[in-house]
Amino acid sequence: MQSLFPEKEHLNPQIFDDSTEEMLKHAQSLGIETVFDKQAKSKCNFGSNGVCCKQCIMGPCRISERSNTGSCGANADTIVARNLLMMVSRGTAAHSSHAFHIASTLLKTAHNSTSFKIKDPQKLLSIARKIKIDTSKGIENTAVLTATQAISDILSDKTTMKFATSYYPASVSENLQNLGVFPGSVGKELLEAGHETSMGTMADHTALILHAARMGVADIASLIISTELQDVIFGLPIPFFSKIGFNVLDIDKVNVVVHGHVPLLSEKIVEFSEDEELLKKAMSLGASGINVVGCCCTGNELLMRHGIPLVGSNINQELVIATGLVEAFVVDVQCIFPNVENVVKKFHTKLISTMKEGRFQSAEHIPFEDENTDETAKKILNAAIENFPKRGKKIFLPKDEPKDMIAGFSLETCVGLLSRINQDDPLKPLIENINNGNIYGIVLLAGCTNPLVSEANHVSIAIELLKHNVLIVTTGCAAQSCARAGLLTPDAAERYAGDKLINVLRALGEISGLGNPLPPVWHFGSCVDNSRVINLISALAEKLGVPIKDLPVAASAAEWVTEKAAAIGTGTMAMGITVHLGVAPPVLGSPAIVSLLTQKSEELFGGKFIVEADPIEASRMILEHIRKAREKLGLSGSAAMTVNDSLPVKEPSKPATIEVETKMPEPVIQHPPKLTG
């Protein structure tokens with residue numbers, strides 16, 4: 001695969017930026033094995049094709065030309081489908097556990113049992129009205145009822161999820177109901193999936209795949225719960241200027257890295273990092289202050305609400321510790337490599353685990369409950385401060401300075417900005433620019449960074465699509481890849497956006513008070529915040545009165561890794577959005593399953609999977625999908641359109657259910673009050 005920077009000879013073909021390569025060389029010089037080194041040693045072709053079955057003690061059974069069924073007679077179709085359902089189920093369990101924790105926190109907060117506050121009561125009222133909760137008895141009662149409904153969606157024996165029926169467009173809900181893939185509560189779905197995938201139970205591969213789709217739809221609803229309720233507790237994201245790179249670590253300060261996905265404790269760590277007593281203690285031990293930086297999706301959450309800089313994504317976590325500058329590496333759950341235990345042993349860094357689901361044998365476990373987050377945050381910061389004098393001499397930072405970026409977009413941000421153009425109908429300007437081809441389509445870049453493939457894949461796809469006037473929205477570690485490549489800046493708009501998209505970005509930048517174009521790639525948050533993009537697409541579909549499957553939109557997970565990504569991708573596909581995968585899922589051992597996911601799914605759901613490793617070819621396929629969608633809507637299929645091309649805005653079949661707060665702060669893009677690094 002051709003490098004994004006062909007003039008440079010890289011140590012590892014999977015790395016595209018100099019800083020990561022410098023850090024990898026440094027880690028290797030210290031004898032540290034990272035995910036890049038280990039990846040080549042741990043490949044299993046049976047597992048990668050999905051044809052390894054370990055469901056009973058007669059196995060493991062591996063399907064091959066020599067043996068085309070397992071001991072019990074299960075064939076490749078059954079085994080592959082069963083494995084995929086288990087994968088999607090584990091991803092959904094992770095996301096719904098997150099959602100349950102947030103909902104429980106909101107419930108306790110409404111009962112004044114935590115130190116958290118309801119920072120955005122207007123968002124709470126918007127959610128409550130959407131799920132048809134009585135709001136007449138005050139904010140606290142509304143919070144109780146809303147949180148209770150969210151918990152019921154996750155753990156009850158209900159046959160439908162209220163958040164799904166309320167947030168999904170009517171056309172999507174109707175189609176899912178007709179296909180029998182509208183989910184009950186997550187707990188109910190997980191119970192049934194666990195039973196179906198046990199030995200000697202479900203052998204119908206089509207039924208297993210349909211259950212995977214149902215589980216994926218439940219996963220999207222879980223994401224909605226997490227994102228919406230986090231906005232209630234922490235406040236809406238605000239677009240911030242910030243930075244990304246290893247060099248956001250400060251050699252003169254106590255460096256605390258927060259990593260994971262549940263931002264409850266990390267919010268408090270940020271809050272108390274400015275506590276006067278703790279700052280005085282840090283200074284008494286020789287530090288000039290406390291520097292909190294983010295890794296992976298906990299980092300994304302703090303970036304969006306506080307402008308906290310990012311030190312790296314999932315693939316960088318070992319290398320972050322290898323700088324020798326981290327006093328405390330604080331983890332909650334998900335995407336935490338167990339190898340960080342081995343890396344911290346070579347440095348003074350304290351590895352601190354905080355949640356019962358994410359324990360590590362050699363980590364210092366400082367548990368937190370919703371009722372004691374203040375005390376726990378202070379205890380962690382004290383541990384980091386006291387560790388500062390123990391910092392050794394094995395300090396290393398790459399030469400490159402951190403990259404600038406703007407992040408913190410949401411549906412509310414978009415509507416608030418567009419309301420400055422049309423206060424009565426904020427979505428109309430966006431729709432008009434899609435209609436006339438100024439915005440050829442919208443593509444979500446999502447998912448992880450993966451040592452199997454080049455991290456330049458996210459970036460290459462973004463650049464290729466931008467040339468064709470496609471607006472890019474991005475989440476998770478994909479967003480961080482784009483940030484490291486400089487795509488989250490106004491300069492990137494001038495450099496990469498097509499001749500029509502650039503005018504839209506300039507106009508929006510002017511309206512926002514930025515004085516420059518908006519970035520061509522909009523950072524929409526963490527992995528759970530894929531729901532923000534789903535909500536935006538749903539709003540467009542309902543406004544136009546067309547199904548999601550007919551919109552000129554798509555998603556790409558060019559480097560996906562986790563079960564969570566499998567759940568998000570499956571749910572997104574089932575909602576009618578075509579999803580590109582840059583890494584093949586473990587299904588290639590069954591042509592029947594491949595056909596179900598890449599062809600038959602389009603007939604059933606309107607969405608399908610495209611699997612293509614080459615980013616340029618993947619971009620071409622995504623553009624072709626958008627061209628067909630535009631053609632179906634009566635728009636020109638060419639990327640070069642005249643402004644007279646127009647799609648009449650149809651009246652929706654029912655009132656749009658998207659309700660958002662349209663007030664925007666002044667100015668729209670903000671600098672964080674204190675930006676370190």
# chains A, B, ... in the order shown; residues from 1 in each chain; ligands from 1
>>> residues_around(residues="A:Asn530", least_positions_apart="2", cutoff="9 Å", atoms="only C-alpha atoms", output="PDB file with N, CA and C atoms, in the first residue's frame")
ATOM      1  N   ILE A 220     -26.867   0.599  19.109  1.00  0.00           N
ATOM      2  CA  ILE A 220     -27.006   2.011  18.742  1.00  0.00           C
ATOM      3  C   ILE A 220     -27.875   2.740  19.774  1.00  0.00           C
ATOM      4  N   LEU A 223     -25.803   3.493  22.746  1.00  0.00           N
ATOM      5  CA  LEU A 223     -24.952   4.660  22.503  1.00  0.00           C
ATOM      6  C   LEU A 223     -25.736   5.952  22.706  1.00  0.00           C
ATOM      7  N   ILE A 224     -26.965   5.958  22.217  1.00  0.00           N
ATOM      8  CA  ILE A 224     -27.813   7.144  22.368  1.00  0.00           C
ATOM      9  C   ILE A 224     -28.028   7.460  23.842  1.00  0.00           C
ATOM     10  N   THR A 227     -24.667   8.918  25.325  1.00  0.00           N
ATOM     11  CA  THR A 227     -24.349  10.263  24.850  1.00  0.00           C
ATOM     12  C   THR A 227     -25.336  11.292  25.373  1.00  0.00           C
ATOM     13  N   LEU A 444     -19.169   9.319   7.620  1.00  0.00           N
ATOM     14  CA  LEU A 444     -18.654   9.152   8.978  1.00  0.00           C
ATOM     15  C   LEU A 444     -17.410   8.265   8.935  1.00  0.00           C
ATOM     16  N   ALA A 446     -15.112   6.310  11.423  1.00  0.00           N
ATOM     17  CA  ALA A 446     -15.258   5.853  12.801  1.00  0.00           C
ATOM     18  C   ALA A 446     -14.296   4.714  13.081  1.00  0.00           C
ATOM     19  N   THR A 474     -16.359  12.629  12.094  1.00  0.00           N
ATOM     20  CA  THR A 474     -15.514  11.550  12.584  1.00  0.00           C
ATOM     21  C   THR A 474     -15.608  11.418  14.091  1.00  0.00           C
ATOM     22  N   THR A 475     -15.356  10.210  14.571  1.00  0.00           N
ATOM     23  CA  THR A 475     -15.449   9.897  15.994  1.00  0.00           C
ATOM     24  C   THR A 475     -14.298   8.996  16.404  1.00  0.00           C
ATOM     25  N   GLY A 476     -14.120   8.850  17.718  1.00  0.00           N
ATOM     26  CA  GLY A 476     -13.207   7.862  18.265  1.00  0.00           C
ATOM     27  C   GLY A 476     -11.768   8.069  17.859  1.00  0.00           C
ATOM     28  N   PHE A 524     -16.743  14.629  16.097  1.00  0.00           N
ATOM     29  CA  PHE A 524     -18.030  14.485  16.780  1.00  0.00           C
ATOM     30  C   PHE A 524     -17.911  13.746  18.106  1.00  0.00           C
ATOM     31  N   GLY A 525     -16.679  13.428  18.535  1.00  0.00           N
ATOM     32  CA  GLY A 525     -16.556  12.879  19.873  1.00  0.00           C
ATOM     33  C   GLY A 525     -16.020  11.466  19.950  1.00  0.00           C
ATOM     34  N   SER A 526     -16.401  10.781  21.010  1.00  0.00           N
ATOM     35  CA  SER A 526     -15.919   9.437  21.315  1.00  0.00           C
ATOM     36  C   SER A 526     -16.700   8.396  20.521  1.00  0.00           C
ATOM     37  N   CYS A 527     -16.373   7.118  20.759  1.00  0.00           N
ATOM     38  CA  CYS A 527     -17.071   6.046  20.033  1.00  0.00           C
ATOM     39  C   CYS A 527     -18.566   6.013  20.351  1.00  0.00           C
ATOM     40  N   VAL A 528     -18.944   6.244  21.623  1.00  0.00           N
ATOM     41  CA  VAL A 528     -20.376   6.243  21.911  1.00  0.00           C
ATOM     42  C   VAL A 528     -21.062   7.400  21.203  1.00  0.00           C
ATOM     43  N   ARG A 532     -24.365  10.631  17.927  1.00  0.00           N
ATOM     44  CA  ARG A 532     -24.578  12.017  17.490  1.00  0.00           C
ATOM     45  C   ARG A 532     -24.736  12.075  15.974  1.00  0.00           C
ATOM     46  N   VAL A 533     -23.920  11.300  15.274  1.00  0.00           N
ATOM     47  CA  VAL A 533     -23.995  11.285  13.813  1.00  0.00           C
ATOM     48  C   VAL A 533     -25.278  10.597  13.357  1.00  0.00           C
ATOM     49  N   ILE A 534     -25.644   9.505  14.026  1.00  0.00           N
ATOM     50  CA  ILE A 534     -26.912   8.842  13.718  1.00  0.00           C
ATOM     51  C   ILE A 534     -28.071   9.808  13.906  1.00  0.00           C
ATOM     52  N   ASN A 535     -28.034  10.595  14.979  1.00  0.00           N
ATOM     53  CA  ASN A 535     -29.107  11.566  15.220  1.00  0.00           C
ATOM     54  C   ASN A 535     -29.142  12.646  14.143  1.00  0.00           C
ATOM     55  N   ILE A 568     -21.350  -1.553  16.553  1.00  0.00           N
ATOM     56  CA  ILE A 568     -21.736  -0.277  15.949  1.00  0.00           C
ATOM     57  C   ILE A 568     -21.959  -0.442  14.449  1.00  0.00           C
TER      58      ILE A 568
END
>>> select_by_dssp(residues="stretch 187-276 of chain A", states="strand (DSSP E or B)", output="CSV table (one decimal) with C-alpha atoms, in the first residue's frame")
chain,number,residue,atom,x,y,z
A,240,PHE,CA,-12.7,24.0,21.2
A,241,PHE,CA,-9.2,24.8,19.9
A,242,SER,CA,-6.8,22.2,21.3
A,243,LYS,CA,-3.8,20.1,20.4
A,244,ILE,CA,-2.8,16.4,19.9
A,254,VAL,CA,2.8,16.4,37.0
A,255,ASN,CA,1.4,14.5,34.0
A,256,VAL,CA,-1.8,12.5,34.5
A,257,VAL,CA,-3.1,10.5,31.5
A,258,VAL,CA,-6.7,9.4,31.5
A,259,HIS,CA,-7.6,6.5,29.2
A,260,GLY,CA,-10.7,4.5,28.5
>>> select_by_dssp(residues="stretch 194-335 of chain A", states="alpha helix (DSSP H)", output="PDB file with C-alpha atoms, in the first residue's frame")
ATOM      1  CA  GLY A 194     -26.091 -16.390  24.937  1.00  0.00           C
ATOM      2  CA  HIS A 195     -28.592 -19.230  24.703  1.00  0.00           C
ATOM      3  CA  GLU A 196     -28.702 -19.354  20.903  1.00  0.00           C
ATOM      4  CA  HIS A 205     -27.153 -19.168  10.101  1.00  0.00           C
ATOM      5  CA  THR A 206     -29.689 -16.670   8.713  1.00  0.00           C
ATOM      6  CA  ALA A 207     -31.486 -16.476  12.062  1.00  0.00           C
ATOM      7  CA  LEU A 208     -28.151 -15.949  13.826  1.00  0.00           C
ATOM      8  CA  ILE A 209     -27.215 -13.083  11.487  1.00  0.00           C
ATOM      9  CA  LEU A 210     -30.621 -11.454  11.917  1.00  0.00           C
ATOM     10  CA  HIS A 211     -30.123 -11.650  15.672  1.00  0.00           C
ATOM     11  CA  ALA A 212     -26.724  -9.989  15.224  1.00  0.00           C
ATOM     12  CA  ALA A 213     -28.514  -7.188  13.370  1.00  0.00           C
ATOM     13  CA  ARG A 214     -31.055  -6.907  16.193  1.00  0.00           C
ATOM     14  CA  MET A 215     -28.230  -6.785  18.709  1.00  0.00           C
ATOM     15  CA  GLY A 216     -26.505  -4.075  16.679  1.00  0.00           C
ATOM     16  CA  VAL A 217     -29.683  -1.992  16.662  1.00  0.00           C
ATOM     17  CA  ALA A 218     -29.824  -2.352  20.462  1.00  0.00           C
ATOM     18  CA  ASP A 219     -26.201  -1.241  20.587  1.00  0.00           C
ATOM     19  CA  ILE A 220     -27.006   2.011  18.742  1.00  0.00           C
ATOM     20  CA  ALA A 221     -29.786   2.712  21.257  1.00  0.00           C
ATOM     21  CA  SER A 222     -27.283   2.110  24.083  1.00  0.00           C
ATOM     22  CA  LEU A 223     -24.952   4.660  22.503  1.00  0.00           C
ATOM     23  CA  ILE A 224     -27.813   7.144  22.368  1.00  0.00           C
ATOM     24  CA  ILE A 225     -28.512   6.637  26.065  1.00  0.00           C
ATOM     25  CA  SER A 226     -24.843   7.190  27.008  1.00  0.00           C
ATOM     26  CA  THR A 227     -24.349  10.263  24.850  1.00  0.00           C
ATOM     27  CA  GLU A 228     -27.631  11.968  25.652  1.00  0.00           C
ATOM     28  CA  LEU A 229     -27.418  11.422  29.414  1.00  0.00           C
ATOM     29  CA  GLN A 230     -23.742  12.415  29.557  1.00  0.00           C
ATOM     30  CA  ASP A 231     -24.744  15.725  27.970  1.00  0.00           C
ATOM     31  CA  VAL A 232     -27.287  16.179  30.762  1.00  0.00           C
ATOM     32  CA  ILE A 233     -24.699  15.553  33.501  1.00  0.00           C
ATOM     33  CA  PHE A 234     -21.605  17.159  31.955  1.00  0.00           C
ATOM     34  CA  LEU A 264     -17.380  10.073  35.125  1.00  0.00           C
ATOM     35  CA  LEU A 265     -14.191   9.991  37.197  1.00  0.00           C
ATOM     36  CA  SER A 266     -12.025  11.787  34.639  1.00  0.00           C
ATOM     37  CA  GLU A 267     -14.392  14.762  34.733  1.00  0.00           C
ATOM     38  CA  LYS A 268     -13.629  15.056  38.428  1.00  0.00           C
ATOM     39  CA  ILE A 269      -9.882  14.608  37.855  1.00  0.00           C
ATOM     40  CA  VAL A 270      -9.969  17.591  35.505  1.00  0.00           C
ATOM     41  CA  GLU A 271     -11.997  19.598  38.014  1.00  0.00           C
ATOM     42  CA  PHE A 272      -9.641  18.959  40.932  1.00  0.00           C
ATOM     43  CA  GLU A 276      -5.404  25.238  45.023  1.00  0.00           C
ATOM     44  CA  GLU A 277      -4.234  22.839  47.721  1.00  0.00           C
ATOM     45  CA  LEU A 278      -3.264  20.168  45.217  1.00  0.00           C
ATOM     46  CA  LEU A 279      -1.458  22.713  43.035  1.00  0.00           C
ATOM     47  CA  LYS A 280       0.483  23.982  46.064  1.00  0.00           C
ATOM     48  CA  LYS A 281       1.461  20.405  46.927  1.00  0.00           C
ATOM     49  CA  ALA A 282       2.655  19.792  43.359  1.00  0.00           C
ATOM     50  CA  MET A 283       4.731  22.962  43.412  1.00  0.00           C
ATOM     51  CA  SER A 284       6.222  22.081  46.789  1.00  0.00           C
ATOM     52  CA  CYS A 296      -8.533   7.228  23.453  1.00  0.00           C
ATOM     53  CA  CYS A 297     -12.226   8.001  24.086  1.00  0.00           C
ATOM     54  CA  THR A 298     -12.102   9.255  27.655  1.00  0.00           C
ATOM     55  CA  GLY A 299      -9.709  11.781  26.162  1.00  0.00           C
ATOM     56  CA  ASN A 300     -12.218  12.614  23.432  1.00  0.00           C
ATOM     57  CA  GLU A 301     -14.908  13.287  26.039  1.00  0.00           C
ATOM     58  CA  LEU A 302     -12.692  15.709  27.974  1.00  0.00           C
ATOM     59  CA  LEU A 303     -11.527  17.376  24.770  1.00  0.00           C
ATOM     60  CA  MET A 304     -15.111  18.118  23.728  1.00  0.00           C
ATOM     61  CA  ARG A 305     -16.144  19.756  26.970  1.00  0.00           C
ATOM     62  CA  HIS A 306     -12.933  21.266  28.346  1.00  0.00           C
ATOM     63  CA  GLN A 317      -1.001   3.960  24.804  1.00  0.00           C
ATOM     64  CA  GLU A 318       2.183   1.945  25.358  1.00  0.00           C
ATOM     65  CA  LEU A 319       4.283   4.634  23.691  1.00  0.00           C
ATOM     66  CA  VAL A 320       2.743   7.357  25.864  1.00  0.00           C
ATOM     67  CA  ILE A 321       4.110   5.594  28.957  1.00  0.00           C
TER      68      ILE A 321
END
>>> residues_around(residues="A:Thr598", least_positions_apart="3", cutoff="6 Å", atoms="only C-alpha atoms", output="list in words")
Ser595, Lys608 and Phe609 of chain A
>>> atom_distance(atom1="atom CA of A:Ser481", atom2="atom CA of A:Pro309")
14.1 Å
>>> closest_residue(among="A:Lys43, A:Lys379, A:Lys253, A:Arg66", to="A:Gly286", atoms="only C-alpha atoms")
A:Lys253
>>> residues_around(residues="A:Asn49", least_positions_apart="6", cutoff="8 Å", atoms="only C-alpha atoms", output="VMD selection string")
chain A and resid 80 585 to 589
>>> closest_atom_pairs(of="stretch 404-450 of chain A", to="stretch 571-584 of chain A", cutoff="12 Å", atoms="only C-alpha atoms", output="tab-separated table")
residue	atom	partner	partner_atom	distance
A:Ile442	CA	A:Ile577	CA	11.2
A:Val443	CA	A:Val579	CA	9.6
A:Leu444	CA	A:Val579	CA	9.1
A:Leu445	CA	A:His580	CA	9.3
A:Ala446	CA	A:Val579	CA	10.0
A:Gly447	CA	A:Leu581	CA	9.7
A:Cys448	CA	A:Gly582	CA	10.9
A:Thr449	CA	A:Gly582	CA	10.9
A:Asn450	CA	A:Val583	CA	9.0
>>> residues_around(residues="stretch 100-104 of chain A", least_positions_apart="2", cutoff="7 Å", atoms="only C-alpha atoms", output="list of chain:residue names")
A:Ser96, A:Ser97, A:His98, A:Leu106, A:Leu107, A:Lys108, A:Ala147, A:Ala150, A:Ile151, A:Ile154, A:Ser226, A:Leu229, A:Gln230
>>> write_last_selection(atoms="N, CA and C atoms", output="short mmCIF file (atom, residue, chain, number, x, y, z; two decimals), in the first residue's frame")
data_model
loop_
_atom_site.label_atom_id
_atom_site.label_comp_id
_atom_site.auth_asym_id
_atom_site.auth_seq_id
_atom_site.Cartn_x
_atom_site.Cartn_y
_atom_site.Cartn_z
N SER A 96 -23.66 -1.12 26.51
CA SER A 96 -24.84 -1.02 27.39
C SER A 96 -24.43 -0.95 28.85
N SER A 97 -23.29 -1.55 29.21
CA SER A 97 -22.77 -1.41 30.56
C SER A 97 -22.41 0.05 30.83
N HIS A 98 -21.79 0.68 29.86
CA HIS A 98 -21.49 2.11 29.93
C HIS A 98 -22.78 2.91 30.11
N LEU A 106 -27.13 9.36 36.75
CA LEU A 106 -28.16 10.40 36.65
C LEU A 106 -29.26 10.18 37.69
N LEU A 107 -29.65 8.92 37.88
CA LEU A 107 -30.69 8.62 38.87
C LEU A 107 -30.23 9.01 40.27
N LYS A 108 -29.00 8.66 40.63
CA LYS A 108 -28.47 9.01 41.95
C LYS A 108 -28.31 10.52 42.08
N ALA A 147 -33.97 8.53 33.67
CA ALA A 147 -32.95 7.54 34.01
C ALA A 147 -33.56 6.16 34.21
N ALA A 150 -34.22 4.62 30.89
CA ALA A 150 -32.96 4.15 30.28
C ALA A 150 -32.53 2.82 30.89
N ILE A 151 -32.60 2.72 32.21
CA ILE A 151 -32.23 1.47 32.88
C ILE A 151 -33.16 0.34 32.46
N ILE A 154 -32.24 -1.19 29.25
CA ILE A 154 -31.03 -2.01 29.30
C ILE A 154 -31.28 -3.35 30.00
N SER A 226 -26.09 6.68 26.42
CA SER A 226 -24.84 7.19 27.01
C SER A 226 -24.60 8.64 26.62
N LEU A 229 -27.43 11.21 27.97
CA LEU A 229 -27.42 11.42 29.41
C LEU A 229 -26.11 12.04 29.89
N GLN A 230 -25.00 11.74 29.22
CA GLN A 230 -23.74 12.42 29.56
C GLN A 230 -23.85 13.91 29.29
#
>>> closest_residue(among="A:Cys295, A:Ala485, A:Ala407, A:Val172", to="A:Ile238", atoms="only C-alpha atoms")
A:Ala407
>>> residues_around(residues="A:Glu371", least_positions_apart="2", cutoff="8 Å", atoms="only C-alpha atoms", output="VMD selection string")
chain A and resid 113 to 115 369 373
>>> write_last_selection(atoms="N, CA and C atoms", output="compact mmCIF listing (two decimals), in the first residue's frame")
# COMPACT_ATOMS: atom_id res chain seq x y z
N SER A 113 -27.51 12.11 45.60
CA SER A 113 -26.60 11.15 46.22
C SER A 113 -25.19 11.23 45.66
N THR A 114 -24.94 12.13 44.71
CA THR A 114 -23.61 12.30 44.13
C THR A 114 -23.25 13.79 44.14
N SER A 115 -21.99 14.07 43.82
CA SER A 115 -21.57 15.47 43.71
C SER A 115 -21.74 16.00 42.29
N GLU A 369 -16.98 4.96 43.27
CA GLU A 369 -18.42 4.83 43.17
C GLU A 369 -18.97 6.22 42.88
N THR A 373 -16.84 10.16 44.01
CA THR A 373 -15.92 10.53 42.92
C THR A 373 -14.98 11.65 43.33
>>> closest_residue(among="A:Asn314, A:Met355, A:Ile79, A:Ala383", to="A:Asp370", atoms="only C-alpha atoms")
A:Met355
>>> residues_around(residues="A:Val470", least_positions_apart="3", cutoff="10 Å", atoms="only C-alpha atoms", output="PyMOL selection string")
chain A and resi 434+437-443+462-467+473+497-498+500-501+520-521+552-553+623+626+639
